[in-house]
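The file work-v7.pdb contains PDB, C-alpha atoms:
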```pdb
MODEL        1
ATOM      1  CA  MET E   1      64.217  54.448  36.029
ATOM      2  CA  GLN E   2      66.687  52.242  34.235
ATOM      3  CA  GLY E   3      65.695  48.576  34.123
ATOM      4  CA  MET E   4      61.951  49.152  34.342
ATOM      5  CA  MET E   5      59.763  47.475  31.762
ATOM      6  CA  ALA E   6      57.748  49.417  29.181
ATOM      7  CA  GLY E   7      54.793  51.172  30.728
ATOM      8  CA  GLY E   8      56.617  51.795  34.010
ATOM      9  CA  LEU E   9      55.766  48.420  35.551
ATOM     10  CA  GLY E  10      58.427  46.000  36.590
ATOM     11  CA  HIS E  11      59.352  43.322  39.047
ATOM     12  CA  PRO E  12      60.402  44.894  42.372
ATOM     13  CA  TRP E  13      63.037  42.253  43.087
ATOM     14  CA  HIS E  14      64.677  42.297  39.663
ATOM     15  CA  ASP E  15      63.987  45.734  38.168
ATOM     16  CA  LEU E  16      64.530  48.167  41.042
ATOM     17  CA  PRO E  17      68.234  49.019  41.293
ATOM     18  CA  ILE E  18      69.846  48.395  44.671
ATOM     19  CA  GLY E  19      70.860  52.074  44.736
ATOM     20  CA  GLU E  20      73.615  54.470  43.770
ATOM     21  CA  ASP E  21      75.216  54.786  47.216
ATOM     22  CA  VAL E  22      75.653  51.099  48.103
ATOM     23  CA  PRO E  23      76.707  50.031  50.727
ATOM     24  CA  ASP E  24      76.005  53.243  52.671
ATOM     25  CA  VAL E  25      72.419  53.542  51.400
ATOM     26  CA  VAL E  26      70.312  50.870  49.675
ATOM     27  CA  ASN E  27      66.903  50.885  48.080
ATOM     28  CA  CYS E  28      64.428  48.546  49.719
ATOM     29  CA  ILE E  29      60.866  47.463  49.071
ATOM     30  CA  ILE E  30      58.564  47.498  52.087
ATOM     31  CA  GLU E  31      56.314  44.448  52.299
ATOM     32  CA  ILE E  32      54.943  44.891  55.833
ATOM     33  CA  PRO E  33      54.185  48.219  57.533
ATOM     34  CA  ARG E  34      55.131  48.902  61.120
ATOM     35  CA  GLY E  35      52.266  47.886  63.426
ATOM     36  CA  SER E  36      50.827  45.186  61.134
ATOM     37  CA  LYS E  37      49.835  41.607  62.026
ATOM     38  CA  VAL E  38      49.498  40.807  58.317
ATOM     39  CA  LYS E  39      52.471  38.900  56.898
ATOM     40  CA  TYR E  40      52.687  40.213  53.353
ATOM     41  CA  GLU E  41      55.267  38.597  51.102
ATOM     42  CA  LEU E  42      56.655  39.111  47.619
ATOM     43  CA  ASP E  43      55.332  36.578  45.136
ATOM     44  CA  LYS E  44      58.613  35.901  43.354
ATOM     45  CA  GLU E  45      56.939  34.791  40.125
ATOM     46  CA  THR E  46      54.576  37.746  39.577
ATOM     47  CA  GLY E  47      56.283  40.511  41.567
ATOM     48  CA  LEU E  48      53.025  41.214  43.393
ATOM     49  CA  ILE E  49      52.633  41.346  47.164
ATOM     50  CA  LYS E  50      50.459  38.553  48.551
ATOM     51  CA  VAL E  51      48.992  37.966  51.987
ATOM     52  CA  ASP E  52      50.968  35.022  53.320
ATOM     53  CA  ARG E  53      49.144  34.800  56.659
ATOM     54  CA  ILE E  54      47.969  36.688  59.707
ATOM     55  CA  LEU E  55      50.427  36.341  62.582
ATOM     56  CA  TYR E  56      49.217  33.743  65.081
ATOM     57  CA  SER E  57      50.842  35.449  68.063
ATOM     58  CA  SER E  58      49.583  38.659  69.634
ATOM     59  CA  VAL E  59      52.440  40.735  68.200
ATOM     60  CA  VAL E  60      52.857  43.312  65.428
ATOM     61  CA  TYR E  61      55.854  44.185  63.298
ATOM     62  CA  PRO E  62      57.890  46.712  65.323
ATOM     63  CA  HIS E  63      59.205  48.510  62.213
ATOM     64  CA  ASN E  64      58.699  48.519  58.458
ATOM     65  CA  TYR E  65      59.895  45.231  56.999
ATOM     66  CA  GLY E  66      60.815  44.246  53.480
ATOM     67  CA  PHE E  67      63.704  43.281  51.233
ATOM     68  CA  ILE E  68      66.655  44.657  49.327
ATOM     69  CA  PRO E  69      66.250  44.271  45.552
ATOM     70  CA  ARG E  70      68.777  42.326  43.513
ATOM     71  CA  THR E  71      69.943  40.285  46.505
ATOM     72  CA  LEU E  72      69.577  36.580  47.328
ATOM     73  CA  ASP E  73      69.931  35.217  50.852
ATOM     74  CA  ASP E  74      70.613  31.637  51.944
ATOM     75  CA  ASP E  75      66.848  30.970  52.219
ATOM     76  CA  SER E  76      66.463  31.566  48.427
ATOM     77  CA  ASP E  77      64.589  34.828  49.049
ATOM     78  CA  PRO E  78      65.736  38.427  48.697
ATOM     79  CA  LEU E  79      67.677  39.698  51.721
ATOM     80  CA  ASP E  80      65.321  40.865  54.479
ATOM     81  CA  ILE E  81      65.544  44.365  55.938
ATOM     82  CA  LEU E  82      63.901  45.967  58.969
ATOM     83  CA  VAL E  83      63.761  49.753  58.606
ATOM     84  CA  ILE E  84      63.527  51.911  61.717
ATOM     85  CA  MET E  85      61.637  55.137  61.015
ATOM     86  CA  GLN E  86      58.856  57.335  62.364
ATOM     87  CA  GLU E  87      55.933  56.225  60.188
ATOM     88  CA  PRO E  88      54.458  53.017  58.753
ATOM     89  CA  VAL E  89      54.869  52.614  54.983
ATOM     90  CA  LEU E  90      52.406  51.000  52.581
ATOM     91  CA  PRO E  91      53.319  47.620  51.069
ATOM     92  CA  LEU E  92      55.249  47.767  47.783
ATOM     93  CA  CYS E  93      56.601  51.273  48.387
ATOM     94  CA  TYR E  94      60.319  51.669  48.090
ATOM     95  CA  LEU E  95      62.589  53.884  50.129
ATOM     96  CA  ARG E  96      66.239  54.591  50.785
ATOM     97  CA  ALA E  97      67.593  52.793  53.847
ATOM     98  CA  LYS E  98      70.905  53.151  55.653
ATOM     99  CA  PRO E  99      72.151  49.739  56.874
ATOM    100  CA  ILE E 100      73.452  49.974  60.443
ATOM    101  CA  GLY E 101      73.645  46.308  61.439
ATOM    102  CA  VAL E 102      72.475  42.755  60.978
ATOM    103  CA  MET E 103      70.547  40.324  63.161
ATOM    104  CA  GLU E 104      71.662  36.727  62.672
ATOM    105  CA  MET E 105      68.677  34.412  62.852
ATOM    106  CA  LEU E 106      67.741  30.796  62.197
ATOM    107  CA  ASP E 107      64.189  30.150  61.001
ATOM    108  CA  GLN E 108      63.331  26.457  61.344
ATOM    109  CA  GLY E 109      67.039  25.654  61.217
ATOM    110  CA  GLU E 110      67.669  27.730  58.070
ATOM    111  CA  ARG E 111      69.788  30.908  58.087
ATOM    112  CA  ASP E 112      67.526  33.955  57.618
ATOM    113  CA  ASP E 113      69.486  37.079  58.564
ATOM    114  CA  LYS E 114      67.816  40.492  58.805
ATOM    115  CA  ILE E 115      69.549  43.734  57.903
ATOM    116  CA  ILE E 116      68.727  46.438  60.454
ATOM    117  CA  ALA E 117      68.546  49.893  58.883
ATOM    118  CA  VAL E 118      67.261  53.396  59.414
ATOM    119  CA  HIS E 119      65.344  55.408  56.846
ATOM    120  CA  ALA E 120      67.982  57.525  55.116
ATOM    121  CA  ASP E 121      65.559  60.439  54.707
ATOM    122  CA  ASP E 122      63.888  60.470  58.151
ATOM    123  CA  PRO E 123      65.332  63.306  60.259
ATOM    124  CA  GLU E 124      64.579  61.467  63.510
ATOM    125  CA  VAL E 125      66.815  58.472  62.740
ATOM    126  CA  MET E 126      69.031  59.332  59.764
ATOM    127  CA  HIS E 127      71.916  60.322  62.063
ATOM    128  CA  TYR E 128      72.396  56.725  63.296
ATOM    129  CA  ASN E 129      75.395  55.034  61.656
ATOM    130  CA  ASP E 130      75.742  51.774  63.607
ATOM    131  CA  ILE E 131      73.422  49.464  65.508
ATOM    132  CA  SER E 132      75.385  50.192  68.695
ATOM    133  CA  GLU E 133      73.874  53.698  68.675
ATOM    134  CA  ILE E 134      70.265  52.451  68.812
ATOM    135  CA  PRO E 135      68.722  52.480  72.317
ATOM    136  CA  ALA E 136      69.081  49.073  73.992
ATOM    137  CA  HIS E 137      65.352  48.808  74.678
ATOM    138  CA  ARG E 138      64.497  49.198  70.987
ATOM    139  CA  MET E 139      66.907  46.382  70.141
ATOM    140  CA  GLN E 140      65.324  44.186  72.835
ATOM    141  CA  GLU E 141      61.892  44.846  71.291
ATOM    142  CA  ILE E 142      63.145  43.781  67.866
ATOM    143  CA  LYS E 143      64.735  40.626  69.258
ATOM    144  CA  ARG E 144      61.620  39.739  71.282
ATOM    145  CA  PHE E 145      59.360  40.189  68.250
ATOM    146  CA  PHE E 146      61.348  37.723  66.172
ATOM    147  CA  GLN E 147      61.572  35.260  69.067
ATOM    148  CA  ASP E 148      57.791  35.333  69.533
ATOM    149  CA  TYR E 149      56.158  35.922  66.136
ATOM    150  CA  LYS E 150      56.043  32.252  65.110
ATOM    151  CA  ALA E 151      55.693  30.685  68.578
ATOM    152  CA  LEU E 152      51.980  29.812  68.269
ATOM    153  CA  GLU E 153      52.654  28.247  64.858
ATOM    154  CA  LYS E 154      55.031  25.845  66.637
ATOM    155  CA  LYS E 155      57.876  26.990  64.371
ATOM    156  CA  SER E 156      61.412  27.332  65.677
ATOM    157  CA  VAL E 157      63.109  30.731  65.456
ATOM    158  CA  VAL E 158      66.486  31.373  67.058
ATOM    159  CA  VAL E 159      67.730  34.942  67.229
ATOM    160  CA  GLU E 160      71.482  34.678  67.496
ATOM    161  CA  GLU E 161      73.548  37.868  67.576
ATOM    162  CA  PHE E 162      73.362  41.456  66.434
ATOM    163  CA  HIS E 163      76.364  42.834  64.561
ATOM    164  CA  GLY E 164      77.243  46.335  63.404
ATOM    165  CA  LYS E 165      77.386  48.053  60.056
ATOM    166  CA  GLU E 166      80.606  46.370  58.913
ATOM    167  CA  LYS E 167      79.019  42.906  59.100
ATOM    168  CA  ALA E 168      75.814  44.201  57.483
ATOM    169  CA  VAL E 169      77.822  45.479  54.520
ATOM    170  CA  GLN E 170      79.485  42.054  54.172
ATOM    171  CA  VAL E 171      76.098  40.278  54.212
ATOM    172  CA  ILE E 172      74.652  42.666  51.607
ATOM    173  CA  GLU E 173      77.636  42.179  49.302
ATOM    174  CA  GLN E 174      77.467  38.380  49.701
ATOM    175  CA  CYS E 175      73.750  38.441  48.839
ATOM    176  CA  ARG E 176      74.351  40.731  45.840
ATOM    177  CA  LYS E 177      76.891  38.250  44.469
ATOM    178  CA  ALA E 178      74.517  35.323  45.090
ATOM    179  CA  TYR E 179      71.767  37.168  43.199
ATOM    180  CA  GLN E 180      74.082  37.901  40.260
ATOM    181  CA  ALA E 181      75.102  34.229  40.124
ATOM    182  CA  MET E 182      71.442  33.139  40.197
ATOM    183  CA  ARG E 183      70.487  35.527  37.381
ATOM    184  CA  SER E 184      73.508  34.477  35.291
ATOM    185  CA  ALA E 185      72.535  30.818  35.706
ATOM    186  CA  GLU E 186      68.955  31.622  34.641
ATOM    187  CA  LEU E 187      70.207  33.354  31.493
ATOM    188  CA  MET E 188      72.370  30.329  30.621
ATOM    189  CA  LYS E 189      69.324  28.030  30.525
TER     190      LYS E 189
ENDMDL
END
```
What do you get writing this file as structure tokens?
Amino acid sequence: MQGMMAGGLGHPWHDLPIGEDVPDVVNCIIEIPRGSKVKYELDKETGLIKVDRILYSSVVYPHNYGFIPRTLDDDSDPLDILVIMQEPVLPLCYLRAKPIGVMEMLDQGERDDKIIAVHADDPEVMHYNDISEIPAHRMQEIKRFFQDYKALEKKSVVVEEFHGKEKAVQVIEQCRKAYQAMRSAELMK
């Protein structure tokens, strides 16, 4: 794979390409499997996955959760992605995801949007093209999870609105440009 370091090891944020079919399909790294209470997180310095914490609330991640490589969101982290699919995925695996929407969210007053996607190679969900096609109850579950998952930590999370694929594509492109600007600035140092 182009961009990988010698020996096949690389940094998942910087070395995994975003994908050949952007914006219709993007590569993403899964940090947290569906059904987990463990909050795994990319260590940006080493590229390893670390255990950040165990969720305080009695909730589990409703779908596989991770990030899109070579993106940078307003919170100075890679752009988050929640991938709807049939099975949980191990941390640090990558897969092809089809963005279908975005959930606007504030985490302790800081913008922290989440791309909502379906696994591009899962026959149960790959036919979805926009968030409006997802059953309403599933979307309520996703919203409720993010409203509740930090409640017992006394941290403020505000889930604002869900938007469709068009807005998701705009957010991804904005975060791609922010990443490119960050990497260019690093190279100038």
### Query
Taking all atoms listed in the file into account, which of E:Ile172, E:Ile142, E:Ile18, E:Val118 comes nearest Met85 (chain E)?
E:Val118
### Message
Show me, as number ranges by chain, the residues that have an atom within 10 Å of Tyr128 (chain E) when counting only C-alpha atoms, minus same-chain residues fewer than 5 positions from it.
### Response
E: 98-100, 117-120, 133-134
### Task
For Ile32 (chain E), work out the shell of residues within 6 Å, counting only C-alpha atoms and skipping chain neighbours fewer than 3 positions away, then give it as a list in words.
Tyr40, Asn64, Tyr65 and Pro91 of chain E
### Query
What does the distance between CA of Ile49 (chain E) and CA of Asp112 (chain E) come to in Å, to one decimal place?
19.6 Å
For the structure shown, which residues end up in the PyMOL selection byres ((chain E and resi 166) around 10)? Put them as a PDB file with C-alpha atoms, keeping the file's coordinate frame, please?
```pdb
ATOM      1  CA  PRO E  23      76.707  50.031  50.727  1.00  0.00           C
ATOM      2  CA  PRO E  99      72.151  49.739  56.874  1.00  0.00           C
ATOM      3  CA  ILE E 100      73.452  49.974  60.443  1.00  0.00           C
ATOM      4  CA  GLY E 101      73.645  46.308  61.439  1.00  0.00           C
ATOM      5  CA  VAL E 102      72.475  42.755  60.978  1.00  0.00           C
ATOM      6  CA  ASP E 130      75.742  51.774  63.607  1.00  0.00           C
ATOM      7  CA  HIS E 163      76.364  42.834  64.561  1.00  0.00           C
ATOM      8  CA  GLY E 164      77.243  46.335  63.404  1.00  0.00           C
ATOM      9  CA  LYS E 165      77.386  48.053  60.056  1.00  0.00           C
ATOM     10  CA  LYS E 167      79.019  42.906  59.100  1.00  0.00           C
ATOM     11  CA  ALA E 168      75.814  44.201  57.483  1.00  0.00           C
ATOM     12  CA  VAL E 169      77.822  45.479  54.520  1.00  0.00           C
ATOM     13  CA  GLN E 170      79.485  42.054  54.172  1.00  0.00           C
ATOM     14  CA  VAL E 171      76.098  40.278  54.212  1.00  0.00           C
TER      15      VAL E 171
END
```
#### Entry: Nearby residues (only C-alpha atoms) at most 6 Å from region 67-73 of chain E, same-chain spacing under 4 positions excluded, as a PyMOL selection string
chain E and resi 13-14+18+28-29+77-81+175-176+178-179
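Put simply, CA of Phe146 (chain E) is 21.8 Å away from CA of Leu92 (chain E).
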## Note on the structure
Among E:Leu16, E:Gly10, E:Gln140, E:Ser76, Glu161 (chain E) is approached most closely, using all atoms listed in the file, by E:Gln140
### Query
Which residue gives the smallest distance to Lys155 (chain E) among E:Val22, E:Pro62, E:Ser57, E:Val83, with only C-alpha atoms counted?
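When distances to Lys155 (chain E) are compared using only C-alpha atoms, the smallest one comes from E:Ser57.
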### Task
In Å, rounded to a single decimal, give me how far CA of Val59 (chain E) is from CA of Leu82 (chain E).
15.6 Å
#### Entry: All residues 9 Å or closer to Gln86 (chain E), all atoms listed in the file, same chain fewer than 4 positions away omitted, as an NGL selection string
:E and (63 or 119 or 122 or 124-125)
### Message
Measuring between all atoms listed in the file, which one of E:Asp107, E:Lys189, E:Leu95, E:Glu160 shows the shortest distance to Gly19 (chain E)?
### Response
E:Leu95
### Task
Compare E:Leu152, E:Met126, E:Val157, E:Ile131 by their minimum atom-to-atom distance to Leu106 (chain E), counting all atoms listed in the file, and give me the closest one.
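Result for the nearest residue to Leu106 (chain E): E:Val157.
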### Task
Can you turn the PyMOL selection byres ((chain E and resi 56) around 8) into a concrete residue list for this file, as a PyMOL selection string?
chain E and resi 54-55+57-58+149-153
Using the chain letters and numbering of this document, enumerate as a short mmCIF file (atom, residue, chain, number, x, y, z; two decimals) with C-alpha atoms, keeping the file's coordinate frame the residues selected by the PyMOL selection byres ((chain E and resi 33) around 6).
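What follows is the written file expr-v8.cif:
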```cif
data_model
loop_
_atom_site.label_atom_id
_atom_site.label_comp_id
_atom_site.auth_asym_id
_atom_site.auth_seq_id
_atom_site.Cartn_x
_atom_site.Cartn_y
_atom_site.Cartn_z
CA ILE E 32 54.94 44.89 55.83
CA ARG E 34 55.13 48.90 61.12
CA SER E 36 50.83 45.19 61.13
CA ASN E 64 58.70 48.52 58.46
CA PRO E 88 54.46 53.02 58.75
CA VAL E 89 54.87 52.61 54.98
CA LEU E 90 52.41 51.00 52.58
#
```
